[in-house]
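Shown next: upload_4.pdb, containing PDB, C-alpha atoms, pLDDT in the B column.
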```
ATOM      1  CA  MET S 186     111.812 -48.352 147.028  1.00 83.00           C
ATOM      2  CA  ASP S 187     108.517 -46.676 146.153  1.00 95.00           C
ATOM      3  CA  PRO S 188     109.126 -44.633 142.958  1.00 97.00           C
ATOM      4  CA  GLN S 189     106.749 -41.841 143.970  1.00 97.00           C
ATOM      5  CA  GLN S 190     108.534 -41.382 147.271  1.00 97.00           C
ATOM      6  CA  ALA S 191     111.908 -41.497 145.503  1.00 98.00           C
ATOM      7  CA  GLY S 192     110.724 -38.883 142.995  1.00 98.00           C
ATOM      8  CA  ASP S 193     109.410 -36.581 145.712  1.00 98.00           C
ATOM      9  CA  PHE S 194     112.706 -36.920 147.568  1.00 97.00           C
ATOM     10  CA  LEU S 195     114.738 -36.188 144.426  1.00 97.00           C
ATOM     11  CA  PHE S 196     112.589 -33.170 143.604  1.00 97.00           C
ATOM     12  CA  ASN S 197     112.984 -31.660 147.067  1.00 97.00           C
ATOM     13  CA  GLU S 198     116.701 -32.386 147.181  1.00 96.00           C
ATOM     14  CA  ALA S 199     117.215 -30.775 143.767  1.00 94.00           C
ATOM     15  CA  ARG S 200     115.372 -27.630 144.853  1.00 93.00           C
ATOM     16  CA  ALA S 201     117.861 -27.414 147.712  1.00 93.00           C
ATOM     17  CA  GLY S 202     120.785 -27.823 145.298  1.00 90.00           C
ATOM     18  CA  ARG S 203     121.615 -31.384 146.350  1.00 93.00           C
ATOM     19  CA  TRP S 204     122.072 -33.993 143.642  1.00 94.00           C
ATOM     20  CA  PHE S 205     122.479 -37.779 143.658  1.00 96.00           C
ATOM     21  CA  PRO S 206     121.525 -38.091 147.336  1.00 96.00           C
ATOM     22  CA  GLU S 207     123.312 -40.847 149.183  1.00 96.00           C
ATOM     23  CA  ALA S 208     120.009 -42.127 150.569  1.00 96.00           C
ATOM     24  CA  LEU S 209     119.017 -43.315 147.064  1.00 97.00           C
ATOM     25  CA  ARG S 210     122.339 -44.657 145.817  1.00 97.00           C
ATOM     26  CA  GLY S 211     122.150 -48.306 144.855  1.00 97.00           C
ATOM     27  CA  ARG S 212     118.484 -48.553 145.823  1.00 97.00           C
ATOM     28  CA  LEU S 213     116.666 -48.137 142.499  1.00 98.00           C
ATOM     29  CA  THR S 214     116.062 -50.568 139.676  1.00 97.00           C
ATOM     30  CA  LEU S 215     115.900 -49.084 136.182  1.00 97.00           C
ATOM     31  CA  GLU S 216     112.111 -49.371 136.141  1.00 98.00           C
ATOM     32  CA  GLN S 217     111.829 -47.675 139.535  1.00 98.00           C
ATOM     33  CA  ALA S 218     114.212 -44.967 138.316  1.00 98.00           C
ATOM     34  CA  LEU S 219     112.082 -44.183 135.272  1.00 98.00           C
ATOM     35  CA  ARG S 220     108.943 -44.018 137.392  1.00 98.00           C
ATOM     36  CA  ALA S 221     110.751 -41.791 139.897  1.00 98.00           C
ATOM     37  CA  GLN S 222     111.775 -39.503 137.039  1.00 98.00           C
ATOM     38  CA  LEU S 223     108.139 -39.258 135.958  1.00 98.00           C
ATOM     39  CA  ALA S 224     107.210 -38.427 139.542  1.00 98.00           C
ATOM     40  CA  VAL S 225     109.722 -35.556 139.442  1.00 98.00           C
ATOM     41  CA  ARG S 226     108.162 -34.384 136.183  1.00 98.00           C
ATOM     42  CA  GLY S 227     104.761 -34.553 137.863  1.00 98.00           C
ATOM     43  CA  ARG S 228     105.940 -32.159 140.565  1.00 98.00           C
ATOM     44  CA  LYS S 229     107.196 -29.746 137.882  1.00 98.00           C
ATOM     45  CA  LEU S 230     103.852 -29.900 136.077  1.00 98.00           C
ATOM     46  CA  ALA S 231     101.971 -29.342 139.325  1.00 98.00           C
ATOM     47  CA  MET S 232     103.971 -26.140 139.827  1.00 97.00           C
ATOM     48  CA  GLY S 233     102.793 -24.773 136.477  1.00 98.00           C
ATOM     49  CA  GLY S 234     105.447 -26.161 134.152  1.00 98.00           C
ATOM     50  CA  ALA S 235     104.716 -27.690 130.769  1.00 98.00           C
ATOM     51  CA  GLN S 236     106.438 -30.508 128.987  1.00 98.00           C
ATOM     52  CA  GLY S 237     108.006 -29.741 125.625  1.00 98.00           C
ATOM     53  CA  GLY S 238     109.439 -33.092 124.655  1.00 98.00           C
ATOM     54  CA  TRP S 239     111.538 -36.151 125.372  1.00 98.00           C
ATOM     55  CA  LYS S 240     115.084 -37.424 124.950  1.00 98.00           C
ATOM     56  CA  ILE S 241     116.396 -40.940 124.484  1.00 98.00           C
ATOM     57  CA  GLY S 242     119.654 -42.010 126.046  1.00 97.00           C
ATOM     58  CA  LEU S 243     122.392 -44.477 125.105  1.00 97.00           C
ATOM     59  CA  THR S 244     121.949 -44.121 121.349  1.00 97.00           C
ATOM     60  CA  SER S 245     125.111 -45.872 120.228  1.00 94.00           C
ATOM     61  CA  GLU S 246     126.429 -49.391 120.706  1.00 93.00           C
ATOM     62  CA  ARG S 247     129.663 -47.910 122.043  1.00 92.00           C
ATOM     63  CA  VAL S 248     127.874 -46.091 124.852  1.00 93.00           C
ATOM     64  CA  ARG S 249     125.662 -49.055 125.713  1.00 95.00           C
ATOM     65  CA  LYS S 250     128.770 -51.246 126.051  1.00 93.00           C
ATOM     66  CA  ARG S 251     130.331 -48.646 128.337  1.00 91.00           C
ATOM     67  CA  TYR S 252     127.320 -48.860 130.656  1.00 91.00           C
ATOM     68  CA  GLY S 253     126.963 -52.611 130.270  1.00 92.00           C
ATOM     69  CA  THR S 254     123.308 -52.467 129.253  1.00 94.00           C
ATOM     70  CA  ASP S 255     121.019 -52.629 126.243  1.00 94.00           C
ATOM     71  CA  ALA S 256     118.571 -50.244 127.922  1.00 95.00           C
ATOM     72  CA  GLN S 257     117.749 -46.932 126.237  1.00 97.00           C
ATOM     73  CA  PRO S 258     115.950 -44.900 128.894  1.00 98.00           C
ATOM     74  CA  PHE S 259     114.011 -41.709 128.286  1.00 98.00           C
ATOM     75  CA  GLY S 260     114.345 -38.268 129.797  1.00 98.00           C
ATOM     76  CA  HIS S 261     111.855 -35.412 129.785  1.00 98.00           C
ATOM     77  CA  ILE S 262     112.332 -31.880 128.426  1.00 98.00           C
ATOM     78  CA  MET S 263     110.351 -29.029 129.943  1.00 98.00           C
ATOM     79  CA  ALA S 264     108.950 -26.385 127.584  1.00 98.00           C
ATOM     80  CA  GLU S 265     110.451 -23.541 129.614  1.00 96.00           C
ATOM     81  CA  ASP S 266     113.918 -25.009 129.018  1.00 96.00           C
ATOM     82  CA  ILE S 267     113.722 -24.886 125.209  1.00 98.00           C
ATOM     83  CA  TYR S 268     115.745 -21.995 123.755  1.00 97.00           C
ATOM     84  CA  PRO S 269     115.976 -20.556 120.231  1.00 98.00           C
ATOM     85  CA  SER S 270     119.275 -20.530 118.383  1.00 98.00           C
ATOM     86  CA  GLY S 271     121.420 -17.560 119.385  1.00 98.00           C
ATOM     87  CA  ALA S 272     120.144 -17.536 122.962  1.00 97.00           C
ATOM     88  CA  SER S 273     122.393 -16.510 125.842  1.00 96.00           C
ATOM     89  CA  VAL S 274     122.314 -18.911 128.768  1.00 93.00           C
ATOM     90  CA  PRO S 275     123.593 -17.848 132.217  1.00 89.00           C
ATOM     91  CA  THR S 276     126.019 -20.425 133.577  1.00 85.00           C
ATOM     92  CA  LEU S 277     125.066 -19.488 137.147  1.00 73.00           C
ATOM     93  CA  ARG S 278     121.794 -21.327 136.453  1.00 74.00           C
ATOM     94  CA  PHE S 279     123.588 -24.092 134.624  1.00 74.00           C
ATOM     95  CA  ARG S 280     126.661 -25.150 136.601  1.00 76.00           C
ATOM     96  CA  ASN S 281     129.078 -27.928 135.581  1.00 88.00           C
ATOM     97  CA  ALA S 282     127.761 -27.310 132.084  1.00 93.00           C
ATOM     98  CA  PHE S 283     128.381 -29.364 128.989  1.00 96.00           C
ATOM     99  CA  ILE S 284     126.648 -29.416 125.633  1.00 97.00           C
ATOM    100  CA  GLU S 285     126.034 -31.977 122.928  1.00 97.00           C
ATOM    101  CA  PRO S 286     125.046 -31.297 119.302  1.00 98.00           C
ATOM    102  CA  GLU S 287     121.949 -33.382 118.584  1.00 98.00           C
ATOM    103  CA  LEU S 288     119.194 -33.610 116.028  1.00 98.00           C
ATOM    104  CA  CYS S 289     115.861 -32.319 117.285  1.00 98.00           C
ATOM    105  CA  PHE S 290     112.705 -33.750 115.740  1.00 98.00           C
ATOM    106  CA  THR S 291     109.242 -32.193 115.914  1.00 98.00           C
ATOM    107  CA  LEU S 292     106.390 -34.685 115.871  1.00 98.00           C
ATOM    108  CA  GLY S 293     103.578 -33.944 113.434  1.00 98.00           C
ATOM    109  CA  LYS S 294     101.597 -36.995 114.530  1.00 98.00           C
ATOM    110  CA  THR S 295     101.433 -38.744 117.881  1.00 98.00           C
ATOM    111  CA  LEU S 296     103.523 -41.902 118.179  1.00 98.00           C
ATOM    112  CA  ALA S 297     101.988 -44.289 120.678  1.00 98.00           C
ATOM    113  CA  GLY S 298     103.556 -47.677 121.294  1.00 96.00           C
ATOM    114  CA  PRO S 299     103.876 -50.543 121.571  1.00 98.00           C
ATOM    115  CA  GLY S 300     104.882 -51.752 118.149  1.00 98.00           C
ATOM    116  CA  VAL S 301     106.007 -48.463 116.588  1.00 98.00           C
ATOM    117  CA  THR S 302     108.431 -49.095 113.702  1.00 98.00           C
ATOM    118  CA  PRO S 303     111.202 -46.826 112.378  1.00 98.00           C
ATOM    119  CA  ALA S 304     109.179 -46.304 109.181  1.00 97.00           C
ATOM    120  CA  GLN S 305     106.161 -45.161 111.209  1.00 98.00           C
ATOM    121  CA  ALA S 306     108.398 -42.872 113.243  1.00 98.00           C
ATOM    122  CA  ARG S 307     109.761 -41.233 110.101  1.00 97.00           C
ATOM    123  CA  LYS S 308     106.244 -40.619 108.770  1.00 97.00           C
ATOM    124  CA  ALA S 309     105.243 -39.024 112.085  1.00 98.00           C
ATOM    125  CA  VAL S 310     108.050 -36.442 111.972  1.00 98.00           C
ATOM    126  CA  ALA S 311     107.000 -32.967 110.812  1.00 97.00           C
ATOM    127  CA  ALA S 312     110.440 -31.314 110.969  1.00 98.00           C
ATOM    128  CA  VAL S 313     114.072 -31.862 111.895  1.00 98.00           C
ATOM    129  CA  SER S 314     116.305 -29.177 113.383  1.00 98.00           C
ATOM    130  CA  ALA S 315     119.916 -28.580 114.266  1.00 98.00           C
ATOM    131  CA  GLY S 316     120.091 -28.593 118.051  1.00 98.00           C
ATOM    132  CA  PHE S 317     122.131 -28.565 121.215  1.00 98.00           C
ATOM    133  CA  GLU S 318     121.325 -30.428 124.373  1.00 98.00           C
ATOM    134  CA  LEU S 319     122.287 -28.424 127.445  1.00 97.00           C
ATOM    135  CA  ASN S 320     123.456 -30.725 130.224  1.00 96.00           C
ATOM    136  CA  GLN S 321     124.403 -30.257 133.837  1.00 94.00           C
ATOM    137  CA  GLY S 322     127.077 -32.520 135.304  1.00 92.00           C
ATOM    138  CA  ARG S 323     125.210 -33.287 138.509  1.00 93.00           C
ATOM    139  CA  ALA S 324     126.590 -36.756 139.269  1.00 91.00           C
ATOM    140  CA  GLY S 325     130.107 -35.765 140.235  1.00 87.00           C
ATOM    141  CA  ASN S 326     131.990 -39.010 140.853  1.00 86.00           C
ATOM    142  CA  VAL S 327     128.870 -41.044 141.661  1.00 92.00           C
ATOM    143  CA  LYS S 328     128.502 -44.113 139.410  1.00 93.00           C
ATOM    144  CA  ASP S 329     124.867 -45.170 139.669  1.00 96.00           C
ATOM    145  CA  PHE S 330     123.107 -45.633 136.323  1.00 96.00           C
ATOM    146  CA  PRO S 331     119.530 -45.989 137.647  1.00 97.00           C
ATOM    147  CA  LEU S 332     119.969 -42.911 139.810  1.00 97.00           C
ATOM    148  CA  ALA S 333     121.277 -41.014 136.769  1.00 97.00           C
ATOM    149  CA  VAL S 334     118.100 -42.056 134.938  1.00 98.00           C
ATOM    150  CA  ALA S 335     115.941 -40.881 137.836  1.00 98.00           C
ATOM    151  CA  ASP S 336     117.897 -37.599 137.700  1.00 97.00           C
ATOM    152  CA  ASN S 337     116.750 -37.160 134.073  1.00 98.00           C
ATOM    153  CA  LEU S 338     120.038 -38.167 132.440  1.00 96.00           C
ATOM    154  CA  SER S 339     121.717 -34.813 133.191  1.00 94.00           C
ATOM    155  CA  GLN S 340     119.104 -32.990 131.068  1.00 95.00           C
ATOM    156  CA  TRP S 341     118.844 -29.236 131.616  1.00 95.00           C
ATOM    157  CA  GLY S 342     117.432 -27.912 128.338  1.00 96.00           C
ATOM    158  CA  ILE S 343     117.808 -27.745 124.567  1.00 98.00           C
ATOM    159  CA  VAL S 344     118.566 -25.127 121.935  1.00 98.00           C
ATOM    160  CA  VAL S 345     116.706 -25.429 118.636  1.00 98.00           C
ATOM    161  CA  GLY S 346     118.280 -24.027 115.484  1.00 98.00           C
ATOM    162  CA  ALA S 347     117.738 -24.214 111.739  1.00 92.00           C
ATOM    163  CA  THR S 348     114.766 -26.366 110.759  1.00 96.00           C
ATOM    164  CA  VAL S 349     114.009 -28.462 107.690  1.00 96.00           C
ATOM    165  CA  LYS S 350     110.264 -28.804 107.174  1.00 96.00           C
ATOM    166  CA  PRO S 351     108.774 -31.012 105.891  1.00 94.00           C
ATOM    167  CA  LEU S 352     111.236 -33.841 106.175  1.00 92.00           C
ATOM    168  CA  PRO S 353     112.703 -34.452 102.688  1.00 90.00           C
ATOM    169  CA  GLU S 354     111.922 -37.912 101.366  1.00 86.00           C
ATOM    170  CA  GLY S 355     115.533 -38.551 100.390  1.00 85.00           C
ATOM    171  CA  LEU S 356     117.222 -37.131 103.511  1.00 90.00           C
ATOM    172  CA  ASP S 357     119.867 -39.675 104.597  1.00 94.00           C
ATOM    173  CA  LEU S 358     120.849 -38.880 108.168  1.00 95.00           C
ATOM    174  CA  ALA S 359     123.528 -41.588 108.129  1.00 94.00           C
ATOM    175  CA  LYS S 360     125.517 -39.275 105.810  1.00 94.00           C
ATOM    176  CA  LEU S 361     125.143 -36.283 108.094  1.00 95.00           C
ATOM    177  CA  LYS S 362     128.270 -34.349 109.070  1.00 97.00           C
ATOM    178  CA  VAL S 363     128.318 -32.215 112.203  1.00 98.00           C
ATOM    179  CA  THR S 364     130.967 -29.509 112.645  1.00 98.00           C
ATOM    180  CA  LEU S 365     131.230 -28.151 116.184  1.00 98.00           C
ATOM    181  CA  LYS S 366     132.901 -24.781 116.792  1.00 98.00           C
ATOM    182  CA  ARG S 367     133.869 -22.672 119.789  1.00 98.00           C
ATOM    183  CA  GLY S 368     133.810 -19.180 118.354  1.00 98.00           C
ATOM    184  CA  LYS S 369     135.563 -19.629 115.013  1.00 97.00           C
ATOM    185  CA  THR S 370     137.641 -22.619 116.129  1.00 98.00           C
ATOM    186  CA  VAL S 371     136.623 -26.055 114.903  1.00 98.00           C
ATOM    187  CA  VAL S 372     136.539 -28.400 117.901  1.00 98.00           C
ATOM    188  CA  SER S 373     135.213 -31.556 116.248  1.00 97.00           C
ATOM    189  CA  GLU S 374     133.847 -32.949 113.006  1.00 96.00           C
ATOM    190  CA  THR S 375     131.615 -35.993 113.378  1.00 95.00           C
ATOM    191  CA  GLY S 376     129.831 -38.279 110.969  1.00 94.00           C
ATOM    192  CA  GLY S 377     126.365 -39.699 111.422  1.00 91.00           C
ATOM    193  CA  GLY S 378     127.037 -43.280 110.399  1.00 89.00           C
ATOM    194  CA  PRO S 379     126.009 -46.342 112.425  1.00 87.00           C
ATOM    195  CA  GLU S 380     129.440 -46.624 114.019  1.00 86.00           C
ATOM    196  CA  ALA S 381     128.816 -43.255 115.700  1.00 90.00           C
ATOM    197  CA  ILE S 382     125.089 -43.144 116.411  1.00 96.00           C
ATOM    198  CA  ASP S 383     121.961 -45.263 115.966  1.00 97.00           C
ATOM    199  CA  ASP S 384     119.488 -44.671 113.154  1.00 97.00           C
ATOM    200  CA  HIS S 385     117.439 -41.722 114.405  1.00 98.00           C
ATOM    201  CA  PHE S 386     114.084 -43.122 113.341  1.00 98.00           C
ATOM    202  CA  ARG S 387     114.876 -46.385 115.096  1.00 97.00           C
ATOM    203  CA  SER S 388     115.657 -44.315 118.190  1.00 98.00           C
ATOM    204  CA  LEU S 389     112.323 -42.502 117.923  1.00 98.00           C
ATOM    205  CA  ALA S 390     110.552 -45.854 117.628  1.00 98.00           C
ATOM    206  CA  VAL S 391     112.404 -47.243 120.656  1.00 98.00           C
ATOM    207  CA  LEU S 392     111.533 -44.086 122.587  1.00 98.00           C
ATOM    208  CA  ALA S 393     107.820 -44.344 121.723  1.00 98.00           C
ATOM    209  CA  ASN S 394     107.725 -48.029 122.622  1.00 98.00           C
ATOM    210  CA  THR S 395     109.555 -47.518 125.918  1.00 98.00           C
ATOM    211  CA  LEU S 396     107.254 -44.642 126.854  1.00 98.00           C
ATOM    212  CA  ALA S 397     104.269 -46.911 126.234  1.00 98.00           C
ATOM    213  CA  ASP S 398     105.443 -49.160 129.077  1.00 98.00           C
ATOM    214  CA  TYR S 399     104.918 -46.179 131.391  1.00 98.00           C
ATOM    215  CA  GLY S 400     101.625 -44.942 129.967  1.00 98.00           C
ATOM    216  CA  GLU S 401     103.232 -42.134 127.952  1.00 98.00           C
ATOM    217  CA  VAL S 402     103.320 -41.176 124.261  1.00 97.00           C
ATOM    218  CA  LEU S 403     105.376 -39.057 121.894  1.00 98.00           C
ATOM    219  CA  ALA S 404     102.632 -36.493 121.343  1.00 98.00           C
ATOM    220  CA  ALA S 405     102.152 -34.386 118.221  1.00 98.00           C
ATOM    221  CA  GLY S 406     103.909 -31.043 118.613  1.00 98.00           C
ATOM    222  CA  MET S 407     106.534 -32.341 121.028  1.00 98.00           C
ATOM    223  CA  ARG S 408     110.262 -32.244 120.368  1.00 98.00           C
ATOM    224  CA  ALA S 409     112.508 -35.283 120.651  1.00 98.00           C
ATOM    225  CA  ILE S 410     116.309 -35.422 120.668  1.00 98.00           C
ATOM    226  CA  THR S 411     117.976 -38.625 119.561  1.00 98.00           C
ATOM    227  CA  GLY S 412     121.564 -38.716 120.700  1.00 96.00           C
ATOM    228  CA  SER S 413     124.870 -36.933 120.870  1.00 96.00           C
ATOM    229  CA  PHE S 414     127.382 -36.355 118.065  1.00 97.00           C
ATOM    230  CA  ALA S 415     129.955 -34.877 120.472  1.00 96.00           C
ATOM    231  CA  LYS S 416     130.300 -33.712 124.077  1.00 96.00           C
ATOM    232  CA  VAL S 417     132.162 -30.622 125.326  1.00 97.00           C
ATOM    233  CA  ASP S 418     132.385 -28.703 128.586  1.00 96.00           C
ATOM    234  CA  VAL S 419     131.434 -25.032 128.332  1.00 95.00           C
ATOM    235  CA  ALA S 420     132.097 -21.893 130.344  1.00 94.00           C
ATOM    236  CA  ALA S 421     130.908 -18.305 130.634  1.00 94.00           C
ATOM    237  CA  GLY S 422     132.088 -16.056 127.808  1.00 95.00           C
ATOM    238  CA  GLN S 423     132.025 -18.795 125.170  1.00 97.00           C
ATOM    239  CA  THR S 424     129.891 -19.024 122.043  1.00 98.00           C
ATOM    240  CA  TRP S 425     129.327 -22.417 120.440  1.00 98.00           C
ATOM    241  CA  SER S 426     127.853 -23.374 117.099  1.00 98.00           C
ATOM    242  CA  ALA S 427     127.193 -26.613 115.248  1.00 98.00           C
ATOM    243  CA  GLU S 428     126.647 -26.939 111.524  1.00 98.00           C
ATOM    244  CA  PHE S 429     124.594 -29.970 110.448  1.00 97.00           C
ATOM    245  CA  SER S 430     125.137 -30.688 106.744  1.00 96.00           C
ATOM    246  CA  GLY S 431     121.927 -30.417 104.752  1.00 93.00           C
ATOM    247  CA  ILE S 432     120.032 -29.006 107.739  1.00 96.00           C
ATOM    248  CA  GLY S 433     121.726 -25.862 109.023  1.00 97.00           C
ATOM    249  CA  GLU S 434     123.239 -24.291 112.116  1.00 98.00           C
ATOM    250  CA  VAL S 435     122.496 -23.873 115.803  1.00 98.00           C
ATOM    251  CA  LYS S 436     124.273 -21.413 118.088  1.00 98.00           C
ATOM    252  CA  VAL S 437     124.324 -20.649 121.814  1.00 98.00           C
ATOM    253  CA  SER S 438     126.308 -18.291 124.044  1.00 97.00           C
ATOM    254  CA  PHE S 439     127.090 -18.600 127.747  1.00 95.00           C
ATOM    255  CA  THR S 440     127.247 -15.655 130.127  1.00 92.00           C
TER     256      THR S 440
END
```

As structure tokens, how would this structure be written, given the file I've shared?
Amino acid sequence: MDPQQAGDFLFNEARAGRWFPEALRGRLTLEQALRAQLAVRGRKLAMGGAQGGWKIGLTSERVRKRYGTDAQPFGHIMAEDIYPSGASVPTLRFRNAFIEPELCFTLGKTLAGPGVTPAQARKAVAAVSAGFELNQGRAGNVKDFPLAVADNLSQWGIVVGATVKPLPEGLDLAKLKVTLKRGKTVVSETGGGPEAIDDHFRSLAVLANTLADYGEVLAAGMRAITGSFAKVDVAAGQTWSAEFSGIGEVKVSFT
């Protein structure tokens, strides 16, 4: 299927509140899906939107095994969907909502693949922040990985919290601990070791190199999120926070 046509169709269906259209199920390769996603982004940009960053998916061996792939596709983050810590998000705009605590990196220098290394990615980072990814469970019971990629990997927005800038030379993200709370109740405590999540600078390098295959770069000033430490459903009336050891806290409320 032509990726531009698929992207246009997805964009129009989404504006009508219809997700994972049956007409596209089982019809996209992963490459076509990524190009269709970029076509959707193009429609958003044409309507006056601006891009604020990128995400990388499938950032643990456990998750890749679940999907039966070594692929780590990208998703795009629009600038208008980036919120500061403490923001209130209306769930009417954000149905079937779930959130994931993630590290959010700000690029100080552009990373353009191919051939970007984790060491180069680390040097390009200007800051790291505590963050949440806001996700919308749009797939329902549909199991179609390429279509999920075309649908931007459930991305809805991000919340950016406490920031460490510049990146400390000795910061070891493999020793990071993330404590997730609903109100004052601890919901999960997660470590950042390789059994839980990939090295974040490796993920940034993979992201930059994958983007290069599609004529894109990780541009200076953009944000990039590098994988989930936990996943929880959320509802109106709840306040969530995540404390990232050595970095700080991020908080979001739902109305």

Contacts of S:Phe283 at 8 Å (only C-alpha atoms; same-chain gap of 4+ positions) as a ChimeraX atom specification: /S:319-322,416-419

Given the PyMOL selection byres ((chain S and resi 351-354) around 7) and the file above, list the residues it selects as a tab-separated table (two decimals) with C-alpha atoms, keeping the file's coordinate frame.
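selection.tsv, written as the output of this step:
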```tsv
chain	number	residue	atom	x	y	z
S	311	ALA	CA	107.00	-32.97	110.81
S	312	ALA	CA	110.44	-31.31	110.97
S	313	VAL	CA	114.07	-31.86	111.90
S	349	VAL	CA	114.01	-28.46	107.69
S	350	LYS	CA	110.26	-28.80	107.17
S	355	GLY	CA	115.53	-38.55	100.39
S	356	LEU	CA	117.22	-37.13	103.51
```

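One finds atom CA of S:Lys294 at 24.7 Å from atom CA of S:Val435.
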
Within 12 Å of S:Val363, counting all atoms listed in the file, which residues show up once you throw out same-chain ones fewer than 4 positions away? Write them as a PDB file with C-alpha atoms, in the coordinates of the input, please.
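So around-v7.pdb came out as:
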```pdb
ATOM      1  CA  GLU S 285     126.034 -31.977 122.928  1.00 97.00           C
ATOM      2  CA  PRO S 286     125.046 -31.297 119.302  1.00 98.00           C
ATOM      3  CA  GLU S 287     121.949 -33.382 118.584  1.00 98.00           C
ATOM      4  CA  LEU S 288     119.194 -33.610 116.028  1.00 98.00           C
ATOM      5  CA  ALA S 315     119.916 -28.580 114.266  1.00 98.00           C
ATOM      6  CA  GLY S 316     120.091 -28.593 118.051  1.00 98.00           C
ATOM      7  CA  PHE S 317     122.131 -28.565 121.215  1.00 98.00           C
ATOM      8  CA  LEU S 358     120.849 -38.880 108.168  1.00 95.00           C
ATOM      9  CA  ALA S 359     123.528 -41.588 108.129  1.00 94.00           C
ATOM     10  CA  VAL S 371     136.623 -26.055 114.903  1.00 98.00           C
ATOM     11  CA  VAL S 372     136.539 -28.400 117.901  1.00 98.00           C
ATOM     12  CA  SER S 373     135.213 -31.556 116.248  1.00 97.00           C
ATOM     13  CA  GLU S 374     133.847 -32.949 113.006  1.00 96.00           C
ATOM     14  CA  THR S 375     131.615 -35.993 113.378  1.00 95.00           C
ATOM     15  CA  GLY S 376     129.831 -38.279 110.969  1.00 94.00           C
ATOM     16  CA  GLY S 377     126.365 -39.699 111.422  1.00 91.00           C
ATOM     17  CA  GLY S 378     127.037 -43.280 110.399  1.00 89.00           C
ATOM     18  CA  ALA S 381     128.816 -43.255 115.700  1.00 90.00           C
ATOM     19  CA  SER S 413     124.870 -36.933 120.870  1.00 96.00           C
ATOM     20  CA  PHE S 414     127.382 -36.355 118.065  1.00 97.00           C
ATOM     21  CA  ALA S 415     129.955 -34.877 120.472  1.00 96.00           C
ATOM     22  CA  SER S 426     127.853 -23.374 117.099  1.00 98.00           C
ATOM     23  CA  ALA S 427     127.193 -26.613 115.248  1.00 98.00           C
ATOM     24  CA  GLU S 428     126.647 -26.939 111.524  1.00 98.00           C
ATOM     25  CA  PHE S 429     124.594 -29.970 110.448  1.00 97.00           C
ATOM     26  CA  SER S 430     125.137 -30.688 106.744  1.00 96.00           C
ATOM     27  CA  GLY S 431     121.927 -30.417 104.752  1.00 93.00           C
ATOM     28  CA  ILE S 432     120.032 -29.006 107.739  1.00 96.00           C
ATOM     29  CA  GLY S 433     121.726 -25.862 109.023  1.00 97.00           C
ATOM     30  CA  GLU S 434     123.239 -24.291 112.116  1.00 98.00           C
ATOM     31  CA  VAL S 435     122.496 -23.873 115.803  1.00 98.00           C
TER      32      VAL S 435
END
```

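A straight line drawn from atom CA of S:Val301 to atom CA of S:Asp398 is 12.5 Å long.
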